[in-house]
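Here is the structure we will look at.
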Amino acid sequence: MSVESISDSAGTGPGGARRENLRRLLAPRHIAVYGGRAAAEAVRQCRDIGFAGRLWAVHPRRDSIEGVPCVRSTAELPEAPDAAFVAVPKEATVDVVAELSARGAGGVVCHASGFAEHGAAELQQSLVAAAGEMALVGPNCIGVLNYLDGAALWPDQHGGRRVERGVAVITQSGNIGQNLTMQRRSLPLAQLVTLGNGAVTGVADLVEAMLDDPRITAIGLHLEGIDDVPGLSRAALLALRRRVPVVVLKSGTSELGARANLSHTSSLAGSDVLCDALFRRLGMARVDHLGTFVETLKFLHVHGAVAGWRISSASCSGGEAALVADLAERDGLELPEFPEDTGRRLRALLGDRVSVTNPLDYHTYIWGDRDAQTACFTEFLRAGSDCHLLLVDLPREDRCTDGPWTTTVDAFLAAHSAVGAPGCVVSSLPEGLPEPVGERLLAAGVAPMQGIADCVAAVAASARIGAAQRAVDSAAPPEVPAVPRGEHHQLDEHAGKRALAAYGLSVPEGAVVPASRAPGTAARIGFPVVVKAHSADLAHKSDVGGVRVGLVDERQVRDAVAGMSGLSERFLVERMVDGAVAELIVGVRRDPRFGLALTIGAGGVLVELVRDAVTLLLPVQRAQIRAALAELRIWPLLAGFRGRSADVDAVVAAIAAIADYARDHDRLVELDVNPLLALPRGAVAADVLVRETRSADE
C-alpha cells in the first residue's frame, strides 16, 4: 500500500483536542526523547538552537543522554510532555506512542521507518490507533524544527537559525527538508516539518496550525501526492482569507495518471493536471523547481502578494534588460512604459545618451556616483509598478574588489527608504548576491532575489496569489462526490447527444436508421450530411473508418454505409455543420480524489498531439470558463483572426451546459464532446461520448 493510499484513513481535520495537541507539538514547553544516538543528537540540537524549556530522556538502561538524566518509562516522566522525539525500533514505536497518548502528551515525532512505505500497512494502522488524540508527525521522517521558539525534534545537523518571523515549510521528503535548512539565500525559515508517511497529522492539519501563528509570513509545501483534497481545500481557502500565501512544489505522479481510459479527456487530464487545477482553484502558486520555491517564498516573506502584474526593471546592461523582458513575457508579467513625468525626470538625470524605456538600461555613466544613482533609483521606484527590480551581481569576494557594486546597492536602499515601493535586488546567478548582502537587504524590506528567471517566476506567482486573494469571496472548494459503483457503460452517440441537448447543448439534426433507410433519411435532413457507424462499443469511430463526412447525394450515402457494414447494422445520419472558426474538445471525467474535472482545449483528431488544454474542477462559473478559453493557444482564432471570430458567448454557454449535465448525473464516469464546433453564430457538438455506471441488474 502506498503512502498516499493509507493517509486517507487518518487524514481527518483536527478536532479541538488534536488541534491543541498539534500546537503543543510544534511549540513545546517540554520535550521527551526516546532512543540512543538519534535521541542524543536531538538533545544537542535543542541546546544549540536555544530551547528554553525542559528536556527529559527515557531509556530502559541508560542513566543519562547528553547529560539529561534518564527515567526508565513514560510513566516516570514528571508530567505529560508537550512533544516527544521517538527514535526506537518500529515495533517498540507503537508501544511508546500508546504510552504517551495514555499519559496525555501533546504530540510525537516518529523517526523510525519500516511502516506503510515498506508495505507494513497493518503496523502503521496500529500506530494510528495508538496515537489516539495526539498529534503525530511521521513515521519515516527526520523531524520538526521551530526556529521561532527554539525547538529541534531533529536527529541531525541543520543549517537554520532563530528568527522572529519567517516562512514555514512542510515537505514529504526529509532530505529535501534538511537541504532547505542549508540554503544560503537569506530565506528566513520559521518552521520546517518533514511529513514522512503522514499517518496521523497531514498537510492540511499542519497548514491550519501554522495559520494560527501571525509570525509565519508564507507557507511552502513540497508534495509528492495529494491524499486529502477536502482537507487541503479547507486549509488553502483559510490561508486565502487570512492573506497568508501558499507555494507548492509538487513532484511525482500517482497510479491514476498511468491508467489508460477510452476518452481523449482522460489523456489530457491526468492526475498531475488535476493537481494543477486544484492549486489554481485554491489560490496556491505552483512552481516547478526547488530554487524557484525558495525564491518565491522569500519574495512573499518580504512583499506578500503583489497587487498586480506590472513590473519595472533597471540595470546597467542591455543584455540583462532583454532577459527580463523575455522572461516577463513568458510568465505573463507586464513591463509598462514609465509615466510621462517619471520618464522626463529620468532623462534629465541620465542624459541624452540613455534611452529611457522599461526595462531600463541606465548604462554606466552614473556608475559609482551614489548621489546620482540614488536620484535615478528614487524616480525609478516612483514609476508606480507593482514591483521594481534592480539587477546587480556583486563581484567574488575571494578574487575581486568591490566598490561601485556596493555603492549601487547603497543607493537603491536609500531610494527605497525614501519611496517605500516594493523593490528587489536581483542577481543574474544565485551566487551573485552574497549572503551578508542578502541579509542586509532583507532587514531593509528589499527582497534579495538570486537568479533572474526565479525572480520573475516568483513575482508572477505572487501576482497569481494576489488575484486569488482579491477573489476569495467567490472561491469555493471543488465538489468531491462519491464515485458511483457498477460496471462502466457507454451510451451510443445519438443517446448521448439527446441527453446533452436537454441541457441546452446544440447538436446537429440527425436520426439513427438501418442501412436501407440511410439515403432517404439524408435527403430528408438535407445535404451535405455525415454518416457514422452507430454502436455503443465504438469509442473513436474515425480511428476504425466508422465516419464519412461531406456526403452530397444519396449514392454517396449508399456507398458509405456499404463500406461501414462490417462495423454496424445501424447508422447515424446527421446534417453536416460547415464554417467552424475552430474545433474544441470539452470533456468531463470523474476522479475519485478530485471529483468532476472539466477539460477545455483545442479539439479534433490531433487533440493528444496538440495538447492545448485547460482543466478546471467543478463547479465552475461562466467567467471561469471564459478565462480558461482565453488561456488556450487557439484563443486568437476564437476572439478574432483575419476578419473571422467565433461566437464566444455561445461557446461558453455550450460548455456550461456540459458542466451542468455532469453535475446532475451522479453515474457519469466521463464525457467527451470532440469536436465542439465554434461557429460565427452558435456552437454545435459534432461528436459526443458518454460513459456512466450501471448496476448489474440494469
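Within each chain, counting starts at residue 1; across the C-alpha cells, chains are named A, B, ... in the order shown, with ligands numbered 1 upward in that order.
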
For stretch 618-629 of chain A: contacts at 12 Å, only C-alpha atoms, fewer than 6 positions along chain excluded, given as an mmCIF file with C-alpha atoms, in the first residue's frame:
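Done, and the output landed in result-v5.cif:
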data_model
loop_
_atom_site.group_PDB
_atom_site.id
_atom_site.type_symbol
_atom_site.label_atom_id
_atom_site.label_comp_id
_atom_site.auth_asym_id
_atom_site.auth_seq_id
_atom_site.Cartn_x
_atom_site.Cartn_y
_atom_site.Cartn_z
ATOM 1 C CA LEU A 274 -5.847 17.690 -11.729
ATOM 2 C CA ALA A 277 -6.380 22.570 -11.384
ATOM 3 C CA LEU A 278 -6.778 22.222 -7.633
ATOM 4 C CA ARG A 280 -5.242 27.195 -9.274
ATOM 5 C CA ARG A 281 -8.699 26.966 -7.778
ATOM 6 C CA ALA A 471 -11.460 36.961 -5.433
ATOM 7 C CA SER A 474 -16.223 33.800 -4.699
ATOM 8 C CA ALA A 475 -13.762 30.968 -4.051
ATOM 9 C CA ALA A 476 -15.145 27.540 -3.249
ATOM 10 C CA PRO A 477 -13.653 24.101 -2.754
ATOM 11 C CA PRO A 478 -14.190 21.530 -5.502
ATOM 12 C CA GLU A 479 -17.005 19.055 -5.114
ATOM 13 C CA VAL A 480 -15.787 15.523 -4.453
ATOM 14 C CA PRO A 481 -18.868 13.272 -4.567
ATOM 15 C CA ALA A 582 -12.283 26.453 -34.514
ATOM 16 C CA LEU A 584 -12.729 22.447 -29.392
ATOM 17 C CA ILE A 585 -12.717 19.477 -27.099
ATOM 18 C CA VAL A 586 -14.846 19.751 -23.976
ATOM 19 C CA GLY A 587 -14.710 16.825 -21.595
ATOM 20 C CA VAL A 588 -15.559 15.860 -18.060
ATOM 21 C CA ARG A 589 -14.131 12.957 -16.109
ATOM 22 C CA ARG A 590 -14.793 11.853 -12.578
ATOM 23 C CA ASP A 591 -11.754 11.313 -10.392
ATOM 24 C CA PHE A 594 -10.651 15.443 -7.176
ATOM 25 C CA GLY A 595 -14.265 14.946 -8.228
ATOM 26 C CA LEU A 596 -15.511 16.157 -11.606
ATOM 27 C CA ALA A 597 -12.860 17.761 -13.800
ATOM 28 C CA LEU A 598 -13.791 19.857 -16.845
ATOM 29 C CA THR A 599 -11.232 19.981 -19.671
ATOM 30 C CA ILE A 600 -11.421 22.606 -22.427
ATOM 31 C CA GLY A 601 -8.962 22.558 -25.296
ATOM 32 C CA ALA A 602 -8.169 22.556 -28.971
ATOM 33 C CA ASP A 612 -3.626 22.752 -25.872
ATOM 34 C CA TRP A 635 -7.797 31.805 -28.326
ATOM 35 C CA PRO A 636 -6.863 34.317 -31.072
ATOM 36 C CA LEU A 637 -8.874 32.181 -33.515
ATOM 37 C CA LEU A 638 -11.902 32.378 -31.251
ATOM 38 C CA ALA A 639 -11.540 36.053 -30.374
ATOM 39 C CA ALA A 646 -16.338 32.743 -33.055
ATOM 40 C CA ASP A 647 -19.487 33.295 -31.036
ATOM 41 C CA VAL A 648 -17.642 33.107 -27.722
ATOM 42 C CA ASP A 649 -20.808 33.620 -25.689
ATOM 43 C CA ALA A 650 -22.358 30.584 -27.381
ATOM 44 C CA VAL A 651 -19.196 28.541 -26.765
ATOM 45 C CA VAL A 652 -19.252 29.470 -23.074
ATOM 46 C CA ALA A 653 -22.949 28.583 -22.851
ATOM 47 C CA ALA A 654 -22.321 25.217 -24.511
ATOM 48 C CA ILE A 655 -19.512 24.379 -22.084
ATOM 49 C CA ALA A 656 -21.664 25.466 -19.138
ATOM 50 C CA ALA A 657 -24.434 23.133 -20.353
ATOM 51 C CA ILE A 658 -21.979 20.228 -20.444
ATOM 52 C CA ALA A 659 -20.799 21.051 -16.907
ATOM 53 C CA ASP A 660 -24.401 21.265 -15.663
ATOM 54 C CA TYR A 661 -25.193 17.872 -17.162
ATOM 55 C CA ALA A 662 -22.161 16.345 -15.481
ATOM 56 C CA ARG A 663 -23.051 17.736 -12.040
ATOM 57 C CA ASP A 664 -26.610 16.450 -12.285
ATOM 58 C CA ALA A 678 -17.204 27.105 -32.578
#

Task: Filtered DSSP result for stretch 165-271 of chain A, state strand (DSSP E or B), as a list in words - done: Gly166, Val167, Ala168, Val169, Ile170, Thr171, Leu189, Ala190, Gln191, Leu192, Val193, Thr194, Ile216, Thr217, Ala218, Ile219, Gly220, Leu221, His222, Leu223, Val246, Val247, Val248, Leu249 and Lys250 of chain A

- [ ] Provide the atom CA of A:Thr217 to atom CA of A:Leu238 distance in Å, to one decimal place.
- [x] 14.1 Å

Env of stretch 401-406 of chain A: 10 Å cut, atoms = only C-alpha atoms, seq-sep filter 2 positions within chain, self excluded. Answer as a compact mmCIF listing (two decimals) with N, CA and C atoms, in the first residue's frame.
# COMPACT_ATOMS: atom_id res chain seq x y z
N ILE A 366 26.57 56.82 -14.60
CA ILE A 366 26.46 57.24 -13.20
C ILE A 366 27.01 56.15 -12.26
N TRP A 367 27.72 55.18 -12.83
CA TRP A 367 28.26 54.06 -12.05
C TRP A 367 29.24 54.57 -11.00
N GLY A 368 29.03 54.21 -9.75
CA GLY A 368 29.90 54.63 -8.66
C GLY A 368 29.55 55.97 -8.06
N ASP A 369 28.60 56.69 -8.63
CA ASP A 369 28.18 58.00 -8.12
C ASP A 369 26.93 57.77 -7.28
N ARG A 370 27.09 57.70 -5.97
CA ARG A 370 25.96 57.32 -5.11
C ARG A 370 24.82 58.32 -5.22
N VAL A 392 21.79 43.55 -10.24
CA VAL A 392 23.20 43.80 -9.93
C VAL A 392 23.80 42.53 -9.36
N ASP A 393 24.96 42.13 -9.90
CA ASP A 393 25.73 40.99 -9.38
C ASP A 393 26.99 41.52 -8.73
N LEU A 394 27.20 41.19 -7.48
CA LEU A 394 28.39 41.64 -6.80
C LEU A 394 29.58 40.74 -7.15
N PRO A 395 30.79 41.31 -7.18
CA PRO A 395 31.97 40.52 -7.55
C PRO A 395 32.33 39.49 -6.48
N ARG A 396 33.09 38.48 -6.89
CA ARG A 396 33.58 37.47 -5.95
C ARG A 396 34.43 38.13 -4.87
N GLU A 397 34.16 37.76 -3.63
CA GLU A 397 34.90 38.36 -2.53
C GLU A 397 36.32 37.82 -2.42
N ASP A 398 36.53 36.57 -2.93
CA ASP A 398 37.84 35.95 -2.77
C ASP A 398 38.84 36.35 -3.84
N ARG A 399 38.39 36.95 -4.93
CA ARG A 399 39.30 37.27 -6.03
C ARG A 399 39.22 38.72 -6.50
N THR A 408 26.04 50.90 -5.57
CA THR A 408 24.76 50.74 -6.25
C THR A 408 23.69 50.21 -5.30
N VAL A 409 24.05 49.20 -4.51
CA VAL A 409 23.11 48.66 -3.52
C VAL A 409 22.75 49.72 -2.49
N ASP A 410 23.76 50.47 -2.03
CA ASP A 410 23.51 51.54 -1.06
C ASP A 410 22.53 52.56 -1.62
N ALA A 411 22.72 52.93 -2.87
CA ALA A 411 21.85 53.93 -3.49
C ALA A 411 20.42 53.41 -3.60
N PHE A 412 20.27 52.14 -3.95
CA PHE A 412 18.92 51.58 -4.07
C PHE A 412 18.24 51.54 -2.70
N VAL A 437 25.02 40.42 2.07
CA VAL A 437 24.28 41.45 1.35
C VAL A 437 22.79 41.12 1.37

Open item on the list: What's around A:Leu221 at 12 Å? Count only C-alpha atoms, leave out sequence neighbours fewer than 6 positions away in its own chain, and write the answer as a PyMOL selection string.
Closed with: chain A and resi 167-173+176-177+191-195+202-204+206-207+232+236+245-251+279+284-287+290+293-294+296-297

Open item on the list: Using DSSP assignments from the backbone, pull out every residue in stretch 4-100 of chain A that falls under alpha helix (DSSP H) and give it to me as a PyMOL selection string.
Closed with: chain A and resi 4-7+16-26+37-49+90-100

Open item on the list: Just the number, please: distance in Å from atom CA of A:Asp95 to atom CA of A:Ala116, one decimal.
Closed with: 17.2 Å

Open item on the list: Show me, as a list in words, the residues that have an atom within 6 Å of A:Cys316 when counting only C-alpha atoms, minus same-chain residues fewer than 3 positions from it.
Closed with: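 Selected residues are Asp361, Tyr362, His363 and Thr364 of chain A.
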
Task: Pick from A:Arg241, A:Arg37, A:Gly198, A:Gln450, whichever lies nearest to A:Gln183 using only C-alpha atoms - done: A:Gln450

If you count only C-alpha atoms, which residues fall within 9 Å of A:Gly138, apart from same-chain ones fewer than 4 positions away, as a PDB file with N, CA and C atoms, in the first residue's frame?
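What ended up in selection.pdb:
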ATOM      1  N   VAL A 108       3.973  13.631  19.024  1.00  0.00           N
ATOM      2  CA  VAL A 108       5.178  12.829  18.922  1.00  0.00           C
ATOM      3  C   VAL A 108       5.707  12.877  17.498  1.00  0.00           C
ATOM      4  N   VAL A 109       7.011  12.899  17.376  1.00  0.00           N
ATOM      5  CA  VAL A 109       7.692  12.712  16.096  1.00  0.00           C
ATOM      6  C   VAL A 109       8.202  11.285  16.065  1.00  0.00           C
ATOM      7  N   CYS A 110       7.731  10.511  15.093  1.00  0.00           N
ATOM      8  CA  CYS A 110       8.146   9.114  14.953  1.00  0.00           C
ATOM      9  C   CYS A 110       9.216   9.029  13.878  1.00  0.00           C
ATOM     10  N   HIS A 111      10.438   8.778  14.313  1.00  0.00           N
ATOM     11  CA  HIS A 111      11.581   8.780  13.408  1.00  0.00           C
ATOM     12  C   HIS A 111      11.733   7.461  12.650  1.00  0.00           C
ATOM     13  N   ALA A 112      11.279   6.364  13.222  1.00  0.00           N
ATOM     14  CA  ALA A 112      11.530   5.038  12.649  1.00  0.00           C
ATOM     15  C   ALA A 112      10.859   4.869  11.294  1.00  0.00           C
ATOM     16  N   SER A 113      11.486   4.076  10.438  1.00  0.00           N
ATOM     17  CA  SER A 113      10.901   3.702   9.145  1.00  0.00           C
ATOM     18  C   SER A 113      10.428   2.251   9.233  1.00  0.00           C
ATOM     19  N   ILE A 142      12.417  12.756   9.379  1.00  0.00           N
ATOM     20  CA  ILE A 142      13.538  13.267  10.176  1.00  0.00           C
ATOM     21  C   ILE A 142      13.011  13.982  11.409  1.00  0.00           C
ATOM     22  N   GLY A 143      12.045  14.891  11.212  1.00  0.00           N
ATOM     23  CA  GLY A 143      11.527  15.567  12.381  1.00  0.00           C
ATOM     24  C   GLY A 143      10.984  16.948  12.102  1.00  0.00           C
ATOM     25  N   THR A 194       9.064  17.766   8.365  1.00  0.00           N
ATOM     26  CA  THR A 194       9.196  16.685   7.390  1.00  0.00           C
ATOM     27  C   THR A 194       8.094  15.678   7.685  1.00  0.00           C
ATOM     28  N   LEU A 195       7.214  15.492   6.745  1.00  0.00           N
ATOM     29  CA  LEU A 195       5.955  14.799   6.991  1.00  0.00           C
ATOM     30  C   LEU A 195       6.103  13.288   7.072  1.00  0.00           C
ATOM     31  N   GLY A 196       7.078  12.724   6.336  1.00  0.00           N
ATOM     32  CA  GLY A 196       7.172  11.272   6.288  1.00  0.00           C
ATOM     33  C   GLY A 196       5.900  10.663   5.712  1.00  0.00           C
ATOM     34  N   ASN A 197       5.402   9.625   6.351  1.00  0.00           N
ATOM     35  CA  ASN A 197       4.206   8.950   5.851  1.00  0.00           C
ATOM     36  C   ASN A 197       2.919   9.710   6.126  1.00  0.00           C
ATOM     37  N   GLY A 198       2.963  10.675   7.026  1.00  0.00           N
ATOM     38  CA  GLY A 198       1.755  11.444   7.316  1.00  0.00           C
ATOM     39  C   GLY A 198       0.619  10.572   7.818  1.00  0.00           C
ATOM     40  N   ALA A 199       0.910   9.622   8.681  1.00  0.00           N
ATOM     41  CA  ALA A 199      -0.096   8.642   9.088  1.00  0.00           C
ATOM     42  C   ALA A 199      -1.219   9.255   9.908  1.00  0.00           C
ATOM     43  N   VAL A 200      -0.933  10.257  10.718  1.00  0.00           N
ATOM     44  CA  VAL A 200      -1.946  10.881  11.570  1.00  0.00           C
ATOM     45  C   VAL A 200      -2.102  12.350  11.227  1.00  0.00           C
ATOM     46  N   THR A 201      -1.040  13.102  11.357  1.00  0.00           N
ATOM     47  CA  THR A 201      -1.078  14.541  11.100  1.00  0.00           C
ATOM     48  C   THR A 201      -0.683  14.787   9.653  1.00  0.00           C
TER      49      THR A 201
END

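Counting from atom CA of A:Arg347, the distance to atom CA of A:Val426 is 23.6 Å.
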
TODO: Excluding A:His59 and residues on its chain fewer than 3 positions from it, collect all residues at most 6 Å away from it, counting only C-alpha atoms, and give them as a list in words.
DONE: Arg62, Cys70 and Arg72 of chain A

Export all heavy atoms of the chosen residues as a CSV table (one decimal), in the first residue's frame?
chain,number,residue,atom,x,y,z
A,62,ARG,N,20.0,3.2,30.1
A,62,ARG,CA,21.0,4.3,30.3
A,62,ARG,C,20.6,5.2,31.5
A,62,ARG,O,19.5,5.4,31.8
A,62,ARG,CB,21.0,5.2,29.0
A,62,ARG,CG,21.6,4.5,27.8
A,62,ARG,CD,21.9,5.6,26.8
A,62,ARG,NE,22.5,5.0,25.5
A,62,ARG,CZ,22.9,5.7,24.5
A,62,ARG,NH1,22.8,7.1,24.6
A,62,ARG,NH2,23.4,5.2,23.4
A,70,CYS,N,18.1,10.0,32.7
A,70,CYS,CA,17.0,9.1,32.1
A,70,CYS,C,16.1,8.6,33.2
A,70,CYS,O,16.5,8.2,34.3
A,70,CYS,CB,17.7,8.0,31.4
A,70,CYS,SG,18.6,8.4,29.9
A,72,ARG,N,13.1,5.4,33.4
A,72,ARG,CA,13.0,4.1,32.7
A,72,ARG,C,11.8,4.0,31.9
A,72,ARG,O,11.7,3.1,31.0
A,72,ARG,CB,13.0,3.0,33.8
A,72,ARG,CG,14.3,3.0,34.6
A,72,ARG,CD,15.5,2.7,33.8
A,72,ARG,NE,16.8,2.7,34.6
A,72,ARG,CZ,17.8,3.4,34.2
A,72,ARG,NH1,17.9,4.0,33.1
A,72,ARG,NH2,18.9,3.3,34.9
